[in-house]
2 protein chains.
Amino acid sequence: MASLARLPGVGERTATRYAFFLLAQAPTLAAELGESLSGLHTAVRHCAQCHNLATAERCELCLDPRRDASRLCVVEGLPELIAIERTGEFNGHYHVLHGTLSPVRGIGPEALKLPSLLERVTAQSVTEVILATNADVEGEATAMYVARLLHRLPQVAVSRLATGVPMGGDLEFVDQGTLARAVRDRRAL
Amino acid sequence: MASLARLPGVGERTATRYAFFLLAQAPTLAAELGESLSGLHTAVRHCAQCHNLATAERCELCLDPRRDASRLCVVEGLPELIAIERTGEFNGHYHVLHGTLSPVRGIGPEALKLPSLLERVTAQSVTEVILATNADVEGEATAMYVARLLHRLPQVAVSRLATGVPMGGDLEFVDQGTLARAVRDRRAL
């Protein structure tokens, strides 16, 4: 019960509820749960290619032959990968940086999965790299840094997610910076 | 007091407070206020050129010689004009439609200030029209409709505000439609 209470958002009361629930079920459930949790760190690892979560050497996305390996989408972490995957707009491979540059928090380029990114782009026939880091200060700085690295490599197009008015947005309530950017980045119709 | 209570967000209590405040001041304040309110509809009208609010035949923006008359920004209403003006990113002239197409509410093209827009673009040397309607369904439909009208005229570039991830936005919390659009509309770096 003490270890259950260490899960995020789980306090002593919820932990007790979980424990009583498990006690009321057949002993196999608790045994199964215990086994999967014990095996978690050996079963789940990072994909050797894109650093996504994987249960094998490579993740499911990297192994999927229907996906276009010539396009990479660079994301900060797993929640961003999942968000983009959910849109259904991207059918290429990912590259998870596992962080962003942050001088304030002392996070430099060496903390990010950058060498393997450059290696992938150089070794494989990658034609486009989409920098899909967040639109905040650290995400923008990271995108600019990675873009500079990639521009040194020949024949790879580098792009960035569009910034602008969110869909359904009323201009009256969009923040000034975003609206300014939307005017600057306007697209031809 | 009864007429004060008809202002938006002003109930009987607030109206009473206003009235007592005015009674406690010198009579000139109430007289001045009364006079400006009486004169409101004769003093403020719509600019004959862009339909912005104006105190003369043309509004201050249309009369400002430092503004670029070859670029028009089409907006739904005054709040949107003010929002874009506040960004400082646009130095051209505006055109206020005073509405959006809305079949549901029975608002068709004839309700919008469209003839004067086409006239301006045809008669003056307008090189670009930025369609800055809102990013909601009605705003998008209006933009598409106006774009079609403008495409019939020669030599005018038609553009639309960028849609995408708002600045400072975390991809994890951006809605799916906006993120999909941001991926599709990604820009080269």
# chains A, B, ... in the order shown; residues from 1 in each chain; ligands from 1

$ interface_residues --of "chain A" --to "chain B" --cutoff "9 Å" --atoms "only C-alpha atoms" --output "MDAnalysis selection string"
chainID A and resid 79:84 86:90 130 132:137 139 144 147 157:189

$ write_last_selection --atoms "N, CA and C atoms" --output "short mmCIF file (atom, residue, chain, number, x, y, z; two decimals), in the first residue's frame"
data_model
loop_
_atom_site.label_atom_id
_atom_site.label_comp_id
_atom_site.auth_asym_id
_atom_site.auth_seq_id
_atom_site.Cartn_x
_atom_site.Cartn_y
_atom_site.Cartn_z
N PRO A 79 4.74 12.62 -25.19
CA PRO A 79 3.40 13.20 -25.31
C PRO A 79 3.22 13.92 -26.65
N GLU A 80 4.26 14.59 -27.13
CA GLU A 80 4.18 15.31 -28.40
C GLU A 80 4.09 14.32 -29.56
N LEU A 81 4.84 13.23 -29.47
CA LEU A 81 4.76 12.19 -30.51
C LEU A 81 3.32 11.67 -30.60
N ILE A 82 2.75 11.38 -29.44
CA ILE A 82 1.38 10.85 -29.41
C ILE A 82 0.40 11.88 -29.98
N ALA A 83 0.59 13.16 -29.63
CA ALA A 83 -0.31 14.21 -30.11
C ALA A 83 -0.27 14.29 -31.64
N ILE A 84 0.91 14.25 -32.21
CA ILE A 84 1.02 14.37 -33.66
C ILE A 84 0.50 13.10 -34.32
N ARG A 86 -1.83 11.27 -33.32
CA ARG A 86 -3.28 11.28 -33.23
C ARG A 86 -3.93 12.12 -34.34
N THR A 87 -3.20 13.09 -34.88
CA THR A 87 -3.80 13.93 -35.94
C THR A 87 -3.95 13.13 -37.23
N GLY A 88 -3.15 12.08 -37.40
CA GLY A 88 -3.22 11.30 -38.63
C GLY A 88 -2.66 12.02 -39.84
N GLU A 89 -1.99 13.15 -39.61
CA GLU A 89 -1.46 13.94 -40.72
C GLU A 89 -0.04 13.55 -41.09
N PHE A 90 0.61 12.76 -40.26
CA PHE A 90 2.02 12.45 -40.50
C PHE A 90 2.21 10.95 -40.60
N ILE A 130 10.82 17.54 -40.18
CA ILE A 130 9.85 18.49 -39.63
C ILE A 130 10.19 18.71 -38.16
N ALA A 132 9.08 19.59 -34.87
CA ALA A 132 7.79 19.73 -34.19
C ALA A 132 7.99 19.89 -32.69
N THR A 133 8.95 20.73 -32.32
CA THR A 133 9.10 21.06 -30.90
C THR A 133 7.98 22.04 -30.55
N ASN A 134 7.75 22.24 -29.25
CA ASN A 134 6.68 23.13 -28.83
C ASN A 134 6.91 24.56 -29.30
N ALA A 135 5.85 25.38 -29.25
CA ALA A 135 5.94 26.76 -29.72
C ALA A 135 6.35 27.71 -28.61
N ASP A 136 6.90 27.18 -27.51
CA ASP A 136 7.38 28.06 -26.43
C ASP A 136 8.85 28.43 -26.67
N VAL A 137 9.41 29.22 -25.76
CA VAL A 137 10.76 29.74 -25.96
C VAL A 137 11.78 28.62 -26.14
N GLY A 139 11.29 25.45 -26.95
CA GLY A 139 11.01 24.67 -28.16
C GLY A 139 11.49 25.39 -29.41
N MET A 144 15.51 26.05 -33.76
CA MET A 144 16.49 26.86 -34.50
C MET A 144 17.87 26.21 -34.45
N ALA A 147 17.83 23.14 -36.67
CA ALA A 147 17.77 23.56 -38.08
C ALA A 147 19.17 23.95 -38.56
N ALA A 157 15.32 18.90 -46.65
CA ALA A 157 14.45 20.05 -46.42
C ALA A 157 14.12 20.10 -44.94
N VAL A 158 14.20 21.27 -44.34
CA VAL A 158 13.88 21.42 -42.93
C VAL A 158 12.64 22.29 -42.82
N SER A 159 11.65 21.83 -42.05
CA SER A 159 10.44 22.64 -41.90
C SER A 159 10.01 22.68 -40.45
N ARG A 160 9.09 23.57 -40.17
CA ARG A 160 8.63 23.81 -38.80
C ARG A 160 7.11 23.83 -38.83
N LEU A 161 6.48 23.32 -37.77
CA LEU A 161 5.02 23.39 -37.67
C LEU A 161 4.56 24.83 -37.83
N ALA A 162 3.40 25.02 -38.46
CA ALA A 162 2.87 26.37 -38.62
C ALA A 162 2.48 26.96 -37.27
N THR A 163 2.75 28.24 -37.10
CA THR A 163 2.32 28.97 -35.92
C THR A 163 1.22 29.91 -36.38
N GLY A 164 0.19 30.08 -35.61
CA GLY A 164 -0.87 31.00 -36.02
C GLY A 164 -2.09 30.89 -35.14
N VAL A 165 -3.18 31.42 -35.66
CA VAL A 165 -4.45 31.42 -34.94
C VAL A 165 -4.95 29.98 -34.83
N PRO A 166 -5.29 29.50 -33.64
CA PRO A 166 -5.80 28.13 -33.54
C PRO A 166 -7.15 28.00 -34.23
N MET A 167 -7.48 26.81 -34.68
CA MET A 167 -8.75 26.63 -35.39
C MET A 167 -9.93 26.92 -34.48
N GLY A 168 -10.93 27.60 -35.03
CA GLY A 168 -12.09 27.99 -34.24
C GLY A 168 -11.83 29.29 -33.49
N GLY A 169 -10.62 29.80 -33.62
CA GLY A 169 -10.22 30.96 -32.82
C GLY A 169 -10.84 32.26 -33.28
N ASP A 170 -11.21 33.10 -32.33
CA ASP A 170 -11.74 34.43 -32.60
C ASP A 170 -10.57 35.40 -32.45
N LEU A 171 -10.31 36.18 -33.48
CA LEU A 171 -9.14 37.08 -33.47
C LEU A 171 -9.14 38.00 -32.26
N GLU A 172 -10.35 38.34 -31.82
CA GLU A 172 -10.46 39.26 -30.69
C GLU A 172 -9.81 38.69 -29.44
N PHE A 173 -9.78 37.35 -29.33
CA PHE A 173 -9.29 36.75 -28.09
C PHE A 173 -7.97 36.01 -28.26
N VAL A 174 -7.37 36.12 -29.43
CA VAL A 174 -6.07 35.49 -29.65
C VAL A 174 -5.01 36.43 -29.12
N ASP A 175 -3.96 35.88 -28.47
CA ASP A 175 -2.94 36.78 -27.92
C ASP A 175 -2.21 37.52 -29.05
N GLN A 176 -1.71 38.69 -28.68
CA GLN A 176 -1.11 39.61 -29.64
C GLN A 176 0.07 39.00 -30.42
N GLY A 177 0.92 38.25 -29.71
CA GLY A 177 2.09 37.65 -30.35
C GLY A 177 1.69 36.66 -31.43
N THR A 178 0.69 35.84 -31.12
CA THR A 178 0.23 34.84 -32.08
C THR A 178 -0.42 35.51 -33.28
N LEU A 179 -1.20 36.55 -33.02
CA LEU A 179 -1.87 37.25 -34.12
C LEU A 179 -0.85 37.94 -35.03
N ALA A 180 0.17 38.54 -34.40
CA ALA A 180 1.23 39.19 -35.18
C ALA A 180 1.90 38.16 -36.08
N ARG A 181 2.16 36.99 -35.51
CA ARG A 181 2.79 35.92 -36.26
C ARG A 181 1.88 35.44 -37.39
N ALA A 182 0.59 35.37 -37.12
CA ALA A 182 -0.36 34.92 -38.14
C ALA A 182 -0.42 35.89 -39.31
N VAL A 183 -0.28 37.19 -39.01
CA VAL A 183 -0.27 38.19 -40.09
C VAL A 183 1.02 38.03 -40.90
N ARG A 184 2.15 37.89 -40.21
CA ARG A 184 3.44 37.77 -40.88
C ARG A 184 3.53 36.51 -41.73
N ASP A 185 3.03 35.40 -41.17
CA ASP A 185 3.13 34.10 -41.87
C ASP A 185 1.91 33.83 -42.75
N ARG A 186 1.16 34.83 -43.10
CA ARG A 186 -0.07 34.59 -43.89
C ARG A 186 0.28 33.80 -45.15
N ARG A 187 -0.69 32.98 -45.56
CA ARG A 187 -0.41 32.14 -46.73
C ARG A 187 -1.30 32.54 -47.90
N ALA A 188 -0.74 32.39 -49.07
CA ALA A 188 -1.47 32.75 -50.29
C ALA A 188 -2.64 31.82 -50.47
N LEU A 189 -3.75 32.34 -50.98
CA LEU A 189 -4.94 31.50 -51.26
C LEU A 189 -5.07 31.35 -52.76
#

$ select_by_dssp --residues "chain B" --states "strand (DSSP E or B)" --output "PyMOL selection string"
chain B and resi 45-46+53-54+68-75+92-96+102+107+128-131+157-160+163+165+187-188

$ select_by_dssp --residues "range 40-153 of chain A" --states "helix (DSSP H, G or I)" --output "ChimeraX atom specification"
/A:40-43,60-63,78-87,109-111,115-123,137-151

$ write_last_selection --atoms "N, CA and C atoms" --output "tab-separated table (two decimals), in the first residue's frame"
chain	number	residue	atom	x	y	z
A	40	LEU	N	8.55	-4.29	-16.11
A	40	LEU	CA	8.41	-3.06	-16.90
A	40	LEU	C	9.73	-2.57	-17.47
A	41	HIS	N	10.72	-2.45	-16.61
A	41	HIS	CA	11.97	-1.86	-17.06
A	41	HIS	C	12.80	-2.78	-17.94
A	42	THR	N	12.52	-4.05	-17.90
A	42	THR	CA	13.24	-4.92	-18.82
A	42	THR	C	12.47	-5.05	-20.13
A	43	ALA	N	11.12	-4.95	-20.07
A	43	ALA	CA	10.32	-5.14	-21.28
A	43	ALA	C	10.26	-3.87	-22.13
A	60	GLU	N	7.35	0.11	-32.74
A	60	GLU	CA	6.34	-0.29	-33.73
A	60	GLU	C	6.28	0.64	-34.93
A	61	LEU	N	6.46	1.92	-34.68
A	61	LEU	CA	6.37	2.89	-35.77
A	61	LEU	C	7.54	2.71	-36.74
A	62	CYS	N	8.74	2.48	-36.20
A	62	CYS	CA	9.92	2.31	-37.06
A	62	CYS	C	9.82	0.99	-37.84
A	63	LEU	N	9.17	0.00	-37.25
A	63	LEU	CA	9.08	-1.32	-37.89
A	63	LEU	C	7.95	-1.39	-38.92
A	78	LEU	N	7.55	12.04	-25.63
A	78	LEU	CA	6.53	11.10	-26.03
A	78	LEU	C	5.12	11.71	-26.11
A	79	PRO	N	4.74	12.62	-25.19
A	79	PRO	CA	3.40	13.20	-25.31
A	79	PRO	C	3.22	13.92	-26.65
A	80	GLU	N	4.26	14.59	-27.13
A	80	GLU	CA	4.18	15.31	-28.40
A	80	GLU	C	4.09	14.32	-29.56
A	81	LEU	N	4.84	13.23	-29.47
A	81	LEU	CA	4.76	12.19	-30.51
A	81	LEU	C	3.32	11.67	-30.60
A	82	ILE	N	2.75	11.38	-29.44
A	82	ILE	CA	1.38	10.85	-29.41
A	82	ILE	C	0.40	11.88	-29.98
A	83	ALA	N	0.59	13.16	-29.63
A	83	ALA	CA	-0.31	14.21	-30.11
A	83	ALA	C	-0.27	14.29	-31.64
A	84	ILE	N	0.91	14.25	-32.21
A	84	ILE	CA	1.02	14.37	-33.66
A	84	ILE	C	0.50	13.10	-34.32
A	85	GLU	N	0.79	11.96	-33.74
A	85	GLU	CA	0.32	10.70	-34.28
A	85	GLU	C	-1.21	10.67	-34.34
A	86	ARG	N	-1.83	11.27	-33.32
A	86	ARG	CA	-3.28	11.28	-33.23
A	86	ARG	C	-3.93	12.12	-34.34
A	87	THR	N	-3.20	13.09	-34.88
A	87	THR	CA	-3.80	13.93	-35.94
A	87	THR	C	-3.95	13.13	-37.23
A	109	PRO	N	23.01	20.97	-25.64
A	109	PRO	CA	22.79	20.05	-26.76
A	109	PRO	C	23.20	18.62	-26.45
A	110	GLU	N	24.20	18.43	-25.59
A	110	GLU	CA	24.70	17.08	-25.31
A	110	GLU	C	23.67	16.23	-24.57
A	111	ALA	N	22.66	16.89	-23.96
A	111	ALA	CA	21.62	16.12	-23.24
A	111	ALA	C	20.55	15.59	-24.19
A	115	PRO	N	23.11	13.43	-31.84
A	115	PRO	CA	24.05	12.71	-32.72
A	115	PRO	C	23.33	11.65	-33.56
A	116	SER	N	22.39	10.92	-32.93
A	116	SER	CA	21.70	9.87	-33.68
A	116	SER	C	20.79	10.48	-34.75
A	117	LEU	N	20.28	11.70	-34.52
A	117	LEU	CA	19.45	12.35	-35.54
A	117	LEU	C	20.30	12.67	-36.77
A	118	LEU	N	21.44	13.28	-36.53
A	118	LEU	CA	22.32	13.66	-37.64
A	118	LEU	C	22.78	12.41	-38.40
A	119	GLU	N	23.05	11.36	-37.63
A	119	GLU	CA	23.47	10.10	-38.23
A	119	GLU	C	22.37	9.53	-39.15
A	120	ARG	N	21.12	9.55	-38.63
A	120	ARG	CA	20.01	9.02	-39.42
A	120	ARG	C	19.85	9.81	-40.72
A	121	VAL	N	19.91	11.14	-40.60
A	121	VAL	CA	19.69	11.98	-41.78
A	121	VAL	C	20.81	11.76	-42.79
A	122	THR	N	22.03	11.59	-42.29
A	122	THR	CA	23.18	11.40	-43.19
A	122	THR	C	23.15	10.01	-43.83
A	123	ALA	N	22.89	8.99	-43.01
A	123	ALA	CA	23.02	7.61	-43.49
A	123	ALA	C	21.82	7.17	-44.34
A	137	VAL	N	9.41	29.22	-25.76
A	137	VAL	CA	10.76	29.74	-25.96
A	137	VAL	C	11.78	28.62	-26.14
A	138	GLU	N	11.73	27.62	-25.26
A	138	GLU	CA	12.72	26.54	-25.33
A	138	GLU	C	12.55	25.70	-26.60
A	139	GLY	N	11.29	25.45	-26.95
A	139	GLY	CA	11.01	24.67	-28.16
A	139	GLY	C	11.49	25.39	-29.41
A	140	GLU	N	11.26	26.70	-29.46
A	140	GLU	CA	11.68	27.50	-30.61
A	140	GLU	C	13.21	27.51	-30.71
A	141	ALA	N	13.87	27.71	-29.56
A	141	ALA	CA	15.33	27.75	-29.55
A	141	ALA	C	15.90	26.42	-30.01
A	142	THR	N	15.29	25.33	-29.53
A	142	THR	CA	15.76	24.00	-29.93
A	142	THR	C	15.58	23.79	-31.42
A	143	ALA	N	14.42	24.22	-31.94
A	143	ALA	CA	14.16	24.06	-33.39
A	143	ALA	C	15.20	24.84	-34.20
A	144	MET	N	15.51	26.05	-33.76
A	144	MET	CA	16.49	26.86	-34.50
A	144	MET	C	17.87	26.21	-34.45
A	145	TYR	N	18.23	25.67	-33.30
A	145	TYR	CA	19.53	25.01	-33.14
A	145	TYR	C	19.63	23.79	-34.05
A	146	VAL	N	18.60	22.95	-34.02
A	146	VAL	CA	18.61	21.73	-34.84
A	146	VAL	C	18.60	22.10	-36.33
A	147	ALA	N	17.83	23.14	-36.67
A	147	ALA	CA	17.77	23.56	-38.08
A	147	ALA	C	19.17	23.95	-38.56
A	148	ARG	N	19.92	24.65	-37.70
A	148	ARG	CA	21.27	25.07	-38.09
A	148	ARG	C	22.16	23.86	-38.35
A	149	LEU	N	22.04	22.86	-37.48
A	149	LEU	CA	22.83	21.63	-37.66
A	149	LEU	C	22.46	20.94	-38.98
A	150	LEU	N	21.14	20.89	-39.25
A	150	LEU	CA	20.67	20.16	-40.43
A	150	LEU	C	21.00	20.89	-41.73
A	151	HIS	N	21.05	22.21	-41.65
A	151	HIS	CA	21.32	22.98	-42.87
A	151	HIS	C	22.73	22.72	-43.39

$ atom_distance --atom1 "CA of Val44 in chain A" --atom2 "CA of Glu32 in chain A"
16.7 Å

$ closest_residue --among "A:Arg71, A:Arg17, A:Arg152, A:Arg6" --to "Tyr94 in chain A" --atoms "only C-alpha atoms"
A:Arg71
